[in-house]
>>> print(open('protein.csv').read())   # CSV, C-alpha atoms and all ligand atoms
chain,number,residue,atom,x,y,z
A,1,MET,CA,88.2,69.8,111.5
A,2,ALA,CA,89.9,66.7,112.9
A,3,GLY,CA,89.0,63.2,111.5
A,4,LEU,CA,89.1,60.7,114.3
A,5,GLU,CA,89.9,56.9,114.2
A,6,ASP,CA,86.3,55.8,114.4
A,7,GLU,CA,85.5,58.2,111.5
A,8,SER,CA,83.7,60.7,113.6
A,9,ARG,CA,84.8,64.3,113.2
A,10,LEU,CA,85.6,67.0,115.6
A,11,VAL,CA,84.9,70.5,114.4
A,12,VAL,CA,86.5,73.4,116.3
A,13,HIS,CA,85.8,77.0,115.2
A,14,LEU,CA,88.0,79.5,117.1
A,15,GLY,CA,85.7,82.5,116.4
A,16,MET,CA,87.2,85.8,117.3
A,17,THR,CA,89.2,85.0,120.4
A,18,GLY,CA,89.5,81.2,120.6
A,19,GLN,CA,92.8,79.7,121.6
A,20,LEU,CA,93.7,76.0,121.1
A,21,PHE,CA,96.9,74.9,122.8
A,22,ALA,CA,98.7,72.2,124.7
A,23,GLU,CA,98.5,72.1,128.4
A,24,GLY,CA,101.7,73.6,129.8
A,25,ALA,CA,101.9,76.2,127.1
A,26,VAL,CA,103.3,79.5,128.3
A,27,SER,CA,102.1,82.9,127.0
A,28,PRO,CA,100.8,86.1,128.6
A,29,ARG,CA,98.1,86.0,125.9
A,30,LEU,CA,96.6,83.1,127.9
A,31,LEU,CA,95.9,85.3,130.9
A,32,SER,CA,93.1,87.7,131.4
A,33,ALA,CA,94.1,91.4,131.0
A,34,THR,CA,93.8,92.0,134.8
A,35,ALA,CA,95.8,88.9,135.6
A,36,ARG,CA,98.4,90.0,133.1
A,37,ALA,CA,98.7,93.5,134.6
A,38,ALA,CA,99.0,92.1,138.1
A,39,LEU,CA,101.9,89.8,137.3
A,40,ALA,CA,105.6,90.6,136.8
A,41,PRO,CA,106.8,89.2,133.5
A,42,GLU,CA,108.8,86.5,135.1
A,43,GLU,CA,105.7,85.3,136.9
A,44,GLN,CA,103.7,84.8,133.7
A,45,LEU,CA,104.5,81.2,133.6
A,46,ARG,CA,102.5,78.1,133.0
A,47,PHE,CA,98.9,78.4,132.1
A,48,ARG,CA,96.3,77.0,134.5
A,49,PRO,CA,92.8,76.4,133.3
A,50,ASP,CA,90.6,79.4,134.2
A,51,ALA,CA,87.0,80.4,133.8
A,52,HIS,CA,87.5,80.9,130.1
A,53,THR,CA,88.8,77.4,129.5
A,54,HIS,CA,85.8,75.5,128.0
A,55,LEU,CA,87.2,72.2,126.7
A,56,ARG,CA,89.9,69.7,127.5
A,57,LEU,CA,90.9,67.0,125.0
A,58,ALA,CA,92.8,64.1,126.5
A,59,PHE,CA,94.7,61.6,124.4
A,60,ARG,CA,95.4,57.9,124.9
A,61,ASP,CA,99.1,58.3,124.4
A,62,ASP,CA,101.4,60.4,126.7
A,63,GLY,CA,100.9,63.6,124.8
A,64,PRO,CA,99.7,66.7,126.7
A,65,ASP,CA,96.0,67.5,126.9
A,66,VAL,CA,94.8,70.1,124.5
A,67,LEU,CA,92.7,73.0,125.9
A,68,LEU,CA,90.3,75.4,124.3
A,69,ARG,CA,90.1,78.8,125.8
A,70,ASP,CA,87.7,81.5,124.5
A,71,VAL,CA,87.2,84.8,126.3
A,72,ARG,CA,84.4,86.2,124.1
A,73,LYS,CA,82.7,82.8,123.4
A,74,PHE,CA,82.2,83.3,119.6
A,75,GLY,CA,84.0,79.9,119.1
A,76,LYS,CA,82.1,76.7,118.5
A,77,VAL,CA,82.9,73.0,119.0
A,78,GLN,CA,80.9,70.3,117.4
A,79,TRP,CA,81.4,66.5,117.4
A,80,LEU,CA,79.9,64.7,114.3
A,81,GLU,CA,79.1,61.0,114.4
A,82,PRO,CA,80.5,58.9,111.5
A,83,GLY,CA,78.6,59.9,108.4
A,84,GLN,CA,76.8,62.8,110.1
A,85,PRO,CA,76.6,65.7,107.7
A,86,SER,CA,77.5,69.2,108.8
A,87,GLU,CA,75.8,72.2,107.3
A,88,ARG,CA,78.8,74.3,108.3
A,89,LEU,CA,81.4,72.1,106.6
A,90,ASP,CA,79.3,71.1,103.6
A,91,ARG,CA,78.8,74.7,102.5
A,92,LEU,CA,82.5,75.6,102.5
A,93,GLY,CA,84.0,76.6,99.2
A,94,PRO,CA,87.5,75.5,98.1
A,95,ASP,CA,90.3,76.0,100.6
A,96,ALA,CA,92.1,79.3,100.4
A,97,LEU,CA,95.4,77.4,100.0
A,98,ARG,CA,94.0,75.8,96.8
A,99,LEU,CA,91.7,78.5,95.3
A,100,ARG,CA,92.1,78.8,91.5
A,101,GLY,CA,91.5,82.0,89.6
A,102,SER,CA,88.8,80.4,87.5
A,103,GLN,CA,86.9,79.4,90.6
A,104,LEU,CA,87.0,82.9,91.9
A,105,ALA,CA,86.0,84.3,88.5
A,106,ALA,CA,83.0,82.0,88.4
A,107,ALA,CA,81.9,83.1,91.9
A,108,ALA,CA,82.4,86.8,91.0
A,109,ARG,CA,80.5,86.7,87.8
A,110,GLY,CA,77.5,89.1,87.9
A,111,ARG,CA,78.0,89.8,91.7
A,112,LYS,CA,77.4,93.3,92.9
A,113,VAL,CA,79.2,92.9,96.3
A,114,ALA,CA,82.7,94.3,96.9
A,115,ILE,CA,85.4,91.8,96.0
A,116,LYS,CA,86.7,91.9,99.6
A,117,ASN,CA,83.3,90.8,100.9
A,118,LEU,CA,83.1,88.1,98.2
A,119,LEU,CA,86.5,86.7,99.5
A,120,LEU,CA,85.2,86.7,103.0
A,121,ASP,CA,82.2,84.5,102.0
A,122,GLN,CA,83.2,81.0,103.2
A,123,ALA,CA,81.0,79.4,100.5
A,124,VAL,CA,83.3,81.1,97.9
A,125,VAL,CA,86.6,80.4,99.6
A,126,ALA,CA,87.2,78.7,103.0
A,127,GLY,CA,89.7,80.0,105.5
A,128,SER,CA,90.1,83.5,104.3
A,129,GLY,CA,89.6,86.0,107.1
A,130,ASN,CA,89.8,89.8,107.3
A,131,ILE,CA,93.6,90.0,107.5
A,132,TYR,CA,94.5,87.6,104.7
A,133,THR,CA,91.9,89.0,102.2
A,134,ASP,CA,93.3,92.5,102.8
A,135,GLU,CA,96.8,91.2,102.3
A,136,ALA,CA,96.0,89.2,99.2
A,137,LEU,CA,94.2,92.1,97.5
A,138,SER,CA,97.2,94.3,98.3
A,139,LEU,CA,99.6,91.8,96.7
A,140,ALA,CA,97.3,91.5,93.7
A,141,GLY,CA,96.9,95.3,93.2
A,142,VAL,CA,93.1,95.2,93.4
A,143,ARG,CA,91.1,97.6,95.5
A,144,PRO,CA,88.9,95.8,98.1
A,145,THR,CA,85.9,98.1,97.3
A,146,ARG,CA,85.8,97.0,93.6
A,147,THR,CA,82.5,95.4,92.5
A,148,ALA,CA,83.2,91.7,92.3
A,149,GLY,CA,81.5,91.3,88.9
A,150,ARG,CA,83.8,93.9,87.4
A,151,VAL,CA,87.1,92.2,88.5
A,152,SER,CA,88.6,90.7,85.3
A,153,ALA,CA,89.6,87.0,84.9
A,154,ALA,CA,93.3,88.1,84.9
A,155,GLU,CA,92.8,89.9,88.2
A,156,CYS,CA,91.0,86.9,89.7
A,157,ASP,CA,94.1,84.8,88.8
A,158,ARG,CA,96.3,87.4,90.5
A,159,ILE,CA,94.0,87.5,93.6
A,160,ALA,CA,93.9,83.7,93.9
A,161,ARG,CA,97.6,83.3,93.5
A,162,ALA,CA,98.2,86.1,96.1
A,163,LEU,CA,95.8,84.5,98.6
A,164,ARG,CA,97.5,81.1,98.2
A,165,ARG,CA,100.9,82.8,98.8
A,166,VAL,CA,99.6,84.8,101.8
A,167,MET,CA,98.1,81.7,103.4
A,168,ARG,CA,101.3,79.6,102.9
A,169,ARG,CA,103.3,82.4,104.4
A,170,SER,CA,101.0,82.7,107.4
A,171,ILE,CA,101.3,79.0,108.1
A,172,ALA,CA,105.1,79.2,107.8
A,173,THR,CA,105.3,82.1,110.3
A,174,GLY,CA,102.8,80.6,112.8
A,175,GLY,CA,99.8,82.9,112.0
A,176,SER,CA,98.9,86.3,113.2
A,177,SER,CA,99.1,87.2,116.9
A,178,ILE,CA,97.5,90.6,116.9
A,179,SER,CA,95.2,90.2,119.9
A,180,ASP,CA,94.6,86.7,121.1
A,181,TYR,CA,95.9,84.1,118.7
A,182,VAL,CA,98.6,81.7,120.0
A,183,GLY,CA,100.0,78.6,118.4
A,184,PRO,CA,99.5,75.1,120.0
A,185,ASP,CA,102.7,75.6,122.0
A,186,GLY,CA,101.6,79.0,123.3
A,187,LYS,CA,104.0,80.9,121.0
A,188,ASP,CA,103.0,84.0,119.1
A,189,GLY,CA,102.8,83.8,115.3
A,190,SER,CA,104.8,86.5,113.4
A,191,TYR,CA,102.8,87.1,110.3
A,192,GLN,CA,101.6,90.4,111.6
A,193,ASP,CA,105.2,91.7,111.2
A,194,GLU,CA,104.9,91.2,107.4
A,195,ARG,CA,101.5,92.9,107.0
A,196,ARG,CA,101.4,95.2,104.0
A,197,VAL,CA,98.1,96.9,104.7
A,198,TYR,CA,95.9,95.3,107.4
A,199,ALA,CA,95.5,97.6,110.5
A,200,ARG,CA,98.2,99.9,109.1
A,201,LYS,CA,95.8,102.9,108.5
A,202,GLY,CA,97.8,106.1,107.9
A,203,GLU,CA,101.2,104.3,107.8
A,204,PRO,CA,103.2,104.4,104.5
A,205,CYS,CA,102.6,101.8,101.8
A,206,ARG,CA,105.6,99.5,101.7
A,207,SER,CA,105.8,99.9,97.9
A,208,CYS,CA,105.1,103.6,97.2
A,209,GLY,CA,104.9,105.4,100.6
A,210,THR,CA,101.3,106.6,100.2
A,211,PRO,CA,99.4,106.4,103.5
A,212,ILE,CA,97.2,103.3,103.8
A,213,ARG,CA,93.5,103.9,103.9
A,214,ARG,CA,90.8,102.1,105.9
A,215,VAL,CA,87.2,101.8,104.7
A,216,VAL,CA,84.2,100.0,106.2
A,217,LEU,CA,82.4,97.6,103.9
A,218,GLY,CA,79.2,96.3,105.5
A,219,GLN,CA,80.3,95.0,108.9
A,220,ARG,CA,84.0,94.6,108.0
A,221,SER,CA,86.9,96.9,107.5
A,222,ALA,CA,89.3,96.9,104.6
A,223,HIS,CA,92.7,98.4,104.2
A,224,TYR,CA,94.4,99.3,101.0
A,225,CYS,CA,96.9,101.6,99.2
A,226,PRO,CA,95.0,104.1,97.1
A,227,ARG,CA,97.9,104.3,94.6
A,228,CYS,CA,98.9,100.6,94.2
A,229,GLN,CA,95.4,99.2,94.3
A,230,ARG,CA,92.9,100.0,91.5
A,301,ZN,ZN,101.3,101.9,97.4
>>> encode(input="protein.csv", output="C-alpha cells")
Amino acid sequence: MAGLEDESRLVVHLGMTGQLFAEGAVSPRLLSATARAALAPEEQLRFRPDAHTHLRLAFRDDGPDVLLRDVRKFGKVQWLEPGQPSERLDRLGPDALRLRGSQLAAAARGRKVAIKNLLLDQAVVAGSGNIYTDEALSLAGVRPTRTAGRVSAAECDRIARALRRVMRRSIATGGSSISDYVGPDGKDGSYQDERRVYARKGEPCRSCGTPIRRVVLGQRSAHYCPRCQR
C-alpha cells in the first residue's frame, strides 16, 4: 500500500505471479517461458511491455515508470480515495515484522486449525505467506500441523520472534525468487538460498540431517523436519 500526496491510497496485491518493477529492468523472469527459450542469454536484455503488463505508473519527477506484470492475473490493484475504507486493509492483523507472541497466543486460544494455517490467516498476521510461515515454524521448532489452541505461550513467543527474524532476513536478501518474483530493479532475491525447509522435501534438515517432510494442510502445503519440530 502506498500513501499518496493527496491522501489517497494505492493498494497493489501481487497475488501469485505479480511483478512490480521499474521500466528498464533486466531479468529473464520478465519474459514468457517461450520467449525465454527462444533467446540466447545475451539477448535477454531490456524488458518491453508485453501482453501480461497491466499497469504503468508514471511519476512527475524524472524517475522511471513502474510497471506491473502478472501472468496468471491473481494480482489486484485498487485506488482508494482519501478517507475511503478498504475491507482488504482494514481486516489485516499486525504486520509480520511486528507480531508479538502475546498477540499470536491470543489469536490461537481455543482454535482447532493447524498453527501453520493460523499464521497464513492475514487477519491474524499480515504479510506472512507460505514460505515464511514454514521457515518461522522451523526456526521455532514447532510442527506446522500442531493444533493452534495447543501451542503454548512460550512457543507463540518463539514463533513470533522467528517470524520477525525471517521477514527481516527476507527483506535484507531481496525476497524469494523461486518462480516469478523480482525486485524493483529486476534483480532476483536470494532468500531462497537460505531456506531451511520450504520446498526442500526429502532433502536433509540443516540441523540434524533427517529428510524434510511435506504435508498438505487444507489448500496449502507445509514443510518441516520431523525430528526438530514437535
Ligand atoms: Zn532436523
>>> residues_around(input="protein.csv", residues="Gln219 (chain A)", least_positions_apart="6", cutoff="12 Å", atoms="only C-alpha atoms", output="ChimeraX atom specification")
/A:116-117,120,130
>>> residues_near_ligand(input="protein.csv", ligand="ligand ZN 301 (chain A)", cutoff="12 Å", atoms="only C-alpha atoms and all ligand atoms", output="PyMOL selection string")
chain A and resi 138-143+196-197+202-213+223-230
>>> residues_around(input="protein.csv", residues="Leu118 (chain A)", least_positions_apart="5", cutoff="9 Å", atoms="all atoms listed in the file", output="ChimeraX atom specification")
/A:107-108,111,113,124-125,148
>>> write_last_selection(input="protein.csv", atoms="C-alpha atoms", output="tab-separated table (two decimals), in the frame of the given file")
chain	number	residue	atom	x	y	z
A	107	ALA	CA	81.90	83.10	91.90
A	108	ALA	CA	82.40	86.80	91.00
A	111	ARG	CA	78.00	89.80	91.70
A	113	VAL	CA	79.20	92.90	96.30
A	124	VAL	CA	83.30	81.10	97.90
A	125	VAL	CA	86.60	80.40	99.60
A	148	ALA	CA	83.20	91.70	92.30
>>> atom_distance(input="protein.csv", atom1="CA of Val151 (chain A)", atom2="CA of Arg109 (chain A)")
8.6 Å
>>> closest_residue(input="protein.csv", among="A:Gly183, A:Pro64, A:Gly101, A:Gly174", to="Ala22 (chain A)", atoms="all atoms listed in the file")
A:Pro64
>>> atom_distance(input="protein.csv", atom1="CA of Thr53 (chain A)", atom2="CA of Asp193 (chain A)")
28.4 Å
